[in-house]
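Peer 1: Please find query-v8.cif (mmCIF, C-alpha atoms) on the next line:
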```cif
data_structure
#
loop_
_atom_site.label_atom_id
_atom_site.label_comp_id
_atom_site.auth_asym_id
_atom_site.auth_seq_id
_atom_site.Cartn_x
_atom_site.Cartn_y
_atom_site.Cartn_z
CA PRO A 2 -23.47 -0.12 14.70
CA ILE A 3 -24.21 -3.86 14.70
CA PRO A 4 -27.69 -4.94 15.89
CA LEU A 5 -27.79 -7.05 19.03
CA ALA A 6 -29.02 -10.03 17.04
CA THR A 7 -25.96 -9.94 14.78
CA PRO A 8 -23.21 -12.46 15.65
CA SER A 9 -20.07 -10.74 16.93
CA ARG A 10 -16.52 -11.55 15.95
CA ALA A 11 -16.23 -13.80 19.00
CA SER A 12 -19.27 -15.81 17.89
CA PHE A 13 -17.24 -17.28 15.07
CA LEU A 14 -14.40 -18.61 17.27
CA GLY A 15 -13.50 -22.22 16.62
CA MET A 16 -15.66 -22.65 13.54
CA VAL A 17 -12.91 -22.52 10.93
CA PRO A 18 -11.76 -25.73 9.23
CA PRO A 19 -8.05 -26.60 9.61
CA ASP A 20 -7.23 -25.74 5.98
CA ALA A 21 -9.13 -22.43 5.92
CA PRO A 22 -7.30 -19.31 4.76
CA ALA A 23 -6.13 -16.72 7.24
CA GLY A 24 -8.96 -14.49 8.34
CA SER A 25 -11.66 -16.99 7.44
CA PHE A 26 -12.65 -15.74 10.55
CA PHE A 27 -10.28 -17.08 13.15
CA HIS A 28 -7.69 -19.78 13.33
CA LYS A 29 -7.92 -22.04 16.36
CA VAL A 30 -5.26 -21.74 19.03
CA PRO A 31 -2.81 -24.65 18.59
CA GLU A 32 -2.25 -26.98 21.50
CA GLU A 33 0.93 -26.36 23.43
CA GLY A 34 2.44 -29.60 22.18
CA GLU A 35 1.97 -28.61 18.55
CA ARG A 36 4.84 -26.17 18.69
CA ASN A 37 8.37 -27.55 18.68
CA THR A 38 10.01 -26.33 21.87
CA GLY A 39 13.04 -28.63 21.74
CA ASN A 40 16.60 -27.61 21.03
CA ALA A 41 16.82 -26.15 17.56
CA THR A 42 19.26 -27.68 15.08
CA PRO A 43 21.89 -25.14 14.00
CA GLN A 44 21.14 -23.80 10.53
CA SER A 45 23.61 -22.76 7.88
CA PHE A 46 23.60 -19.29 6.40
CA ASN A 47 22.27 -20.68 3.11
CA ASP A 48 19.34 -22.39 4.87
CA ILE A 49 18.35 -19.18 6.64
CA ASN A 50 18.77 -17.19 3.44
CA ASP A 51 16.52 -19.64 1.57
CA GLU A 52 13.85 -19.34 4.28
CA VAL A 53 13.93 -15.54 4.15
CA THR A 54 13.74 -15.62 0.34
CA GLU A 55 10.71 -17.92 0.46
CA LEU A 56 9.00 -15.76 3.08
CA LEU A 57 9.50 -12.64 0.95
CA ARG A 58 8.18 -14.50 -2.10
CA GLN A 59 5.06 -15.53 -0.20
CA ARG A 60 4.50 -11.95 0.98
CA ARG A 61 4.64 -10.68 -2.61
CA LYS A 62 2.07 -13.16 -3.88
CA PRO A 63 -1.39 -11.74 -4.66
CA PRO A 64 -3.59 -12.30 -1.58
CA ARG A 65 -6.24 -15.00 -1.79
CA ALA A 66 -8.78 -12.39 -0.71
CA SER A 67 -8.24 -10.58 -4.03
CA LYS A 68 -10.18 -13.35 -5.76
CA PRO A 69 -13.93 -12.59 -6.05
CA SER A 70 -16.12 -14.55 -3.64
CA THR A 71 -18.11 -17.33 -5.29
CA ILE A 72 -20.33 -20.23 -4.24
CA GLY A 73 -20.26 -23.15 -6.64
CA GLY A 74 -18.75 -20.82 -9.21
CA VAL A 75 -21.60 -18.30 -8.85
CA PRO A 76 -20.77 -14.81 -7.51
CA THR A 77 -21.69 -14.89 -3.82
CA ALA A 78 -23.70 -11.68 -4.05
CA LYS A 79 -26.03 -13.41 -6.55
CA ALA A 80 -26.32 -16.67 -4.63
CA THR A 81 -29.63 -17.48 -3.02
CA GLY A 82 -30.04 -18.72 0.51
CA PHE A 83 -31.72 -18.24 3.86
CA GLY A 84 -32.68 -14.82 5.12
CA LYS A 85 -35.20 -13.35 2.71
CA ASN A 86 -38.46 -12.56 4.38
CA GLN A 87 -41.30 -14.20 2.53
CA ALA A 88 -44.24 -11.94 1.77
CA THR A 89 -47.32 -13.18 3.60
CA LYS A 90 -50.87 -11.90 3.84
CA PRO A 91 -51.92 -10.74 7.30
CA SER A 92 -54.45 -12.95 9.06
CA SER A 93 -56.65 -12.35 12.10
CA LYS A 94 -56.82 -16.07 12.89
CA SER A 95 -54.63 -17.49 15.60
CA PHE A 96 -52.62 -20.57 14.80
CA ILE A 97 -50.11 -23.01 16.22
CA GLY A 98 -47.03 -23.73 14.17
CA ILE A 99 -46.51 -27.38 13.27
CA GLY A 100 -43.49 -28.92 11.64
CA PRO A 101 -39.78 -28.07 11.46
CA GLN A 102 -38.67 -24.57 12.34
CA ASP A 103 -36.94 -22.31 9.85
CA PRO A 104 -33.17 -22.87 9.72
CA VAL A 105 -31.09 -20.61 11.94
CA ILE A 106 -29.31 -17.92 9.95
CA ASN A 107 -25.58 -17.42 10.62
CA ASP A 108 -25.41 -20.30 13.08
CA PRO A 109 -21.80 -20.25 14.42
CA THR A 110 -21.91 -24.03 14.81
CA LYS A 111 -22.79 -24.52 11.12
CA PRO A 112 -20.85 -21.88 9.19
CA GLU A 113 -21.05 -21.48 5.44
CA PHE A 114 -17.98 -20.88 3.29
CA ASP A 115 -17.40 -19.56 -0.21
CA ASP A 116 -15.30 -21.39 -2.81
CA GLN A 117 -12.20 -19.53 -1.62
CA GLY A 118 -12.63 -20.85 1.93
CA TYR A 119 -13.83 -17.67 3.65
CA THR A 120 -16.67 -17.64 6.17
CA LEU A 121 -19.89 -16.17 4.80
CA TYR A 122 -22.48 -14.00 6.51
CA THR A 123 -26.12 -13.86 5.41
CA ASP A 124 -28.11 -10.66 5.81
CA ASN A 125 -31.19 -11.44 7.93
CA THR A 126 -33.44 -9.21 5.84
CA THR A 127 -32.25 -9.41 2.24
CA GLY A 128 -30.66 -12.86 2.26
CA LYS A 129 -27.55 -11.41 0.60
CA LYS A 130 -24.39 -13.39 1.31
CA SER A 131 -20.96 -11.86 1.71
CA ARG A 132 -17.71 -12.54 3.49
CA VAL A 133 -17.78 -11.81 7.22
CA PHE A 134 -15.31 -8.92 7.09
CA GLU A 135 -17.34 -7.38 4.27
CA ALA A 136 -20.58 -7.59 6.23
CA LEU A 137 -19.59 -6.82 9.82
CA VAL A 138 -16.89 -4.16 9.50
CA ASP A 139 -17.37 -0.57 8.29
CA TYR A 140 -14.51 0.88 6.24
CA PRO A 141 -12.24 2.73 6.51
CA CYS A 142 -11.51 1.99 10.17
CA ASP A 143 -8.81 1.29 12.73
CA PHE A 144 -9.27 -2.45 13.19
CA THR A 145 -8.05 -3.80 16.53
CA MET A 146 -6.04 -6.97 16.03
CA LYS A 147 -4.08 -8.94 18.63
CA ILE A 148 -1.16 -11.13 17.57
CA VAL A 149 0.55 -13.51 19.98
CA GLY A 150 3.86 -15.07 19.05
CA ALA A 151 7.21 -16.38 20.22
CA ASN A 152 9.40 -13.74 21.83
CA GLU A 153 12.17 -14.25 19.30
CA GLY A 154 14.23 -11.69 17.41
CA PHE A 155 12.50 -8.40 16.65
CA PHE A 156 9.02 -9.90 16.72
CA VAL A 157 7.16 -6.71 17.68
CA GLU A 158 8.96 -4.46 15.20
CA GLU A 159 8.57 -6.93 12.37
CA ILE A 160 4.87 -7.53 13.04
CA VAL A 161 4.24 -3.78 13.08
CA ALA A 162 6.14 -3.52 9.79
CA VAL A 163 3.96 -6.24 8.23
CA VAL A 164 0.81 -4.44 9.40
CA ALA A 165 2.08 -1.18 7.92
CA GLU A 166 2.91 -2.83 4.60
CA ALA A 167 -0.45 -4.61 4.32
CA CYS A 168 -2.29 -1.39 5.20
CA GLU A 169 -0.22 0.73 2.80
CA SER A 170 1.07 2.84 5.67
CA GLU A 171 4.34 3.51 7.54
CA PRO A 172 5.44 1.64 10.69
CA GLY A 173 5.66 4.92 12.60
CA ARG A 174 1.99 5.57 11.94
CA ILE A 175 0.78 2.25 13.40
CA SER A 176 -0.52 2.49 16.97
CA TYR A 177 0.22 -0.60 19.05
CA GLN A 178 0.67 -1.97 22.56
CA THR A 179 2.77 -4.92 23.67
CA ARG A 180 2.89 -7.35 26.54
CA ALA A 181 5.52 -9.99 27.19
CA VAL A 182 4.91 -13.08 29.33
CA GLY A 183 7.78 -15.52 29.43
CA LYS A 184 8.55 -16.79 25.94
CA TRP A 185 5.43 -15.20 24.43
CA THR A 186 4.75 -11.63 23.33
CA SER A 187 1.39 -10.15 22.38
CA VAL A 188 1.06 -7.18 20.06
CA THR A 189 -2.26 -5.33 19.91
CA VAL A 190 -2.34 -3.11 16.83
CA GLN A 191 -4.77 -0.58 15.45
CA ALA A 192 -4.64 -1.48 11.77
CA PRO A 193 -5.82 1.36 9.47
CA VAL A 194 -7.68 -0.82 6.95
CA LYS A 195 -9.49 0.70 3.99
CA SER A 196 -11.40 -2.35 2.73
CA SER A 197 -12.27 -5.94 3.52
CA GLU A 198 -9.71 -7.13 0.98
CA MET A 199 -7.01 -5.17 2.83
CA LEU A 200 -8.10 -6.71 6.14
CA TYR A 201 -8.07 -10.26 4.77
CA THR A 202 -4.67 -9.55 3.19
CA LEU A 203 -3.38 -8.41 6.58
CA TYR A 204 -4.44 -11.73 8.15
CA GLU A 205 -2.72 -13.63 5.35
CA LYS A 206 0.54 -11.70 5.74
CA ILE A 207 0.57 -12.11 9.53
CA ASP A 208 -0.05 -15.84 9.08
CA LEU A 209 3.20 -16.21 7.12
CA ASP A 210 5.35 -15.48 10.18
CA PRO A 211 6.28 -18.85 11.74
CA ARG A 212 6.59 -17.23 15.18
CA VAL A 213 2.89 -16.32 15.30
CA LYS A 214 0.93 -18.69 17.55
CA PHE A 215 -2.53 -17.18 17.15
CA LYS A 216 -4.31 -13.95 16.29
CA PHE A 217 -7.77 -12.49 16.64
#
```
The structure given in the file should be rewritten as structure tokens.
Peer 2:
Amino acid sequence: PIPLATPSRASFLGMVPPDAPAGSFFHKVPEEGERNTGNATPQSFNDINDEVTELLRQRRKPPRASKPSTIGGVPTAKATGFGKNQATKPSSKSFIGIGPQDPVINDPTKPEFDDQGYTLYTDNTTGKKSRVFEALVDYPCDFTMKIVGANEGFFVEEIVAVVAEACESEPGRISYQTRAVGKWTSVTVQAPVKSSEMLYTLYEKIDLDPRVKFKF
């Protein structure tokens, strides 16, 4: 269980830079005008085939999350930072603190990132830094993930297939619920992730689908 003082997943909403990798913690929801809703130009078979080939190539690439987390080239686990409690001698004298306060640890408005672009979390007691999904999620687990995208083609079936592939499972074993509202469809899946790398990989794979509008 996560202590009450620990930031939740929602605490990290909106703190990801535009070029951050999928799952850095969240991607912001694009404005409505950012998506092209005009009449699509007819595509040739070769154009569509090239797009599918490129999508499959991207899906086969090693996930960015497979690279070890580093800060300035130093392994993140060995990096120093806020959080360690300084040993102090007890005193019976009362005092009034003067001067600047200690920096806030894990401030959602001032996130820290590793060299790979992933949001970092600092342990309040030990000062150890790690990626958010490494620190705040216990594995293995069924991770609830909601994906909202354009209601085009077989969006639900294909998203479930991507989840199954990323989680080294079968589509029939993935539990999910759907809801369609107009041109949008949301898919809430229970992703059986075994590690933080698998979870980050899942976010990366989902992010490759051009129909996906946002996910959390």
Peer 1: Using all atoms listed in the file, what residues lie at most 7 Å away from (2.3, -15.5, 16.9) (file coordinates), given as a count of residues only?
Peer 2: 9
Peer 1: So what do you get for atom CA of Thr77 of chain A versus atom CA of Glu166 of chain A, distance-wise?
Peer 2: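 The value is 28.7 Å.
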Peer 1: Between A:Leu209, A:Ala66, A:Val75, A:Ala192, which residue has the minimum interatomic distance to Tyr140 of chain A, considering only C-alpha atoms?
Peer 2: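 Using only C-alpha atoms, the shortest distance to Tyr140 of chain A belongs to A:Ala192.
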Peer 1: Need the axis-aligned box for segment 150-155 of chain A with 5 Å each side, so what are the centre and edges in Å to one decimal, as lines of an AutoDock Vina configuration file?
Peer 2:
```
center_x = 9.0
center_y = -12.4
center_z = 19.2
size_x = 20.4
size_y = 18.0
size_z = 15.2
```
Peer 1: Have a look at atom CA of Leu200 of chain A and atom CA of Asp108 of chain A and let me know their distance in Å, one decimal.
Peer 2: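 Interatomic distance here is 23.1 Å.
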Peer 1: Excluding Gln117 of chain A and residues on its chain fewer than 5 positions from it, collect all residues at most 8 Å away from it, counting all atoms listed in the file, and give them as a PyMOL selection string.
Peer 2: chain A and resi 65-66+68+70-71
Peer 1: On this file, the PyMOL selection byres ((chain A and resi 115) around 12) gives some set of residues; write that set as number ranges by chain.
Peer 2: A: 21-22, 25, 66, 68-78, 80, 112-114, 116-123, 130-133
Peer 1: What does the file look like for those residues with C-alpha atoms, as an mmCIF file, in the frame of the given file?
Peer 2:
```cif
data_model
loop_
_atom_site.group_PDB
_atom_site.id
_atom_site.type_symbol
_atom_site.label_atom_id
_atom_site.label_comp_id
_atom_site.auth_asym_id
_atom_site.auth_seq_id
_atom_site.Cartn_x
_atom_site.Cartn_y
_atom_site.Cartn_z
ATOM 1 C CA ALA A 21 -9.130 -22.430 5.920
ATOM 2 C CA PRO A 22 -7.300 -19.310 4.760
ATOM 3 C CA SER A 25 -11.660 -16.990 7.440
ATOM 4 C CA ALA A 66 -8.780 -12.390 -0.710
ATOM 5 C CA LYS A 68 -10.180 -13.350 -5.760
ATOM 6 C CA PRO A 69 -13.930 -12.590 -6.050
ATOM 7 C CA SER A 70 -16.120 -14.550 -3.640
ATOM 8 C CA THR A 71 -18.110 -17.330 -5.290
ATOM 9 C CA ILE A 72 -20.330 -20.230 -4.240
ATOM 10 C CA GLY A 73 -20.260 -23.150 -6.640
ATOM 11 C CA GLY A 74 -18.750 -20.820 -9.210
ATOM 12 C CA VAL A 75 -21.600 -18.300 -8.850
ATOM 13 C CA PRO A 76 -20.770 -14.810 -7.510
ATOM 14 C CA THR A 77 -21.690 -14.890 -3.820
ATOM 15 C CA ALA A 78 -23.700 -11.680 -4.050
ATOM 16 C CA ALA A 80 -26.320 -16.670 -4.630
ATOM 17 C CA PRO A 112 -20.850 -21.880 9.190
ATOM 18 C CA GLU A 113 -21.050 -21.480 5.440
ATOM 19 C CA PHE A 114 -17.980 -20.880 3.290
ATOM 20 C CA ASP A 116 -15.300 -21.390 -2.810
ATOM 21 C CA GLN A 117 -12.200 -19.530 -1.620
ATOM 22 C CA GLY A 118 -12.630 -20.850 1.930
ATOM 23 C CA TYR A 119 -13.830 -17.670 3.650
ATOM 24 C CA THR A 120 -16.670 -17.640 6.170
ATOM 25 C CA LEU A 121 -19.890 -16.170 4.800
ATOM 26 C CA TYR A 122 -22.480 -14.000 6.510
ATOM 27 C CA THR A 123 -26.120 -13.860 5.410
ATOM 28 C CA LYS A 130 -24.390 -13.390 1.310
ATOM 29 C CA SER A 131 -20.960 -11.860 1.710
ATOM 30 C CA ARG A 132 -17.710 -12.540 3.490
ATOM 31 C CA VAL A 133 -17.780 -11.810 7.220
#
```
Peer 1: Using only C-alpha atoms, which protein or nucleic acid residues come within 7 Å of segment 172-182 of chain A? Drop anything in the same chain fewer than 6 positions from it, and give the result as a PDB file with C-alpha atoms, in the frame of the given file.
Peer 2:
```
ATOM      1  CA  VAL A 161       4.240  -3.780  13.080  1.00  0.00           C
ATOM      2  CA  ALA A 162       6.140  -3.520   9.790  1.00  0.00           C
ATOM      3  CA  ALA A 165       2.080  -1.180   7.920  1.00  0.00           C
ATOM      4  CA  VAL A 188       1.060  -7.180  20.060  1.00  0.00           C
ATOM      5  CA  THR A 189      -2.260  -5.330  19.910  1.00  0.00           C
ATOM      6  CA  VAL A 190      -2.340  -3.110  16.830  1.00  0.00           C
ATOM      7  CA  GLN A 191      -4.770  -0.580  15.450  1.00  0.00           C
ATOM      8  CA  ALA A 192      -4.640  -1.480  11.770  1.00  0.00           C
TER       9      ALA A 192
END
```
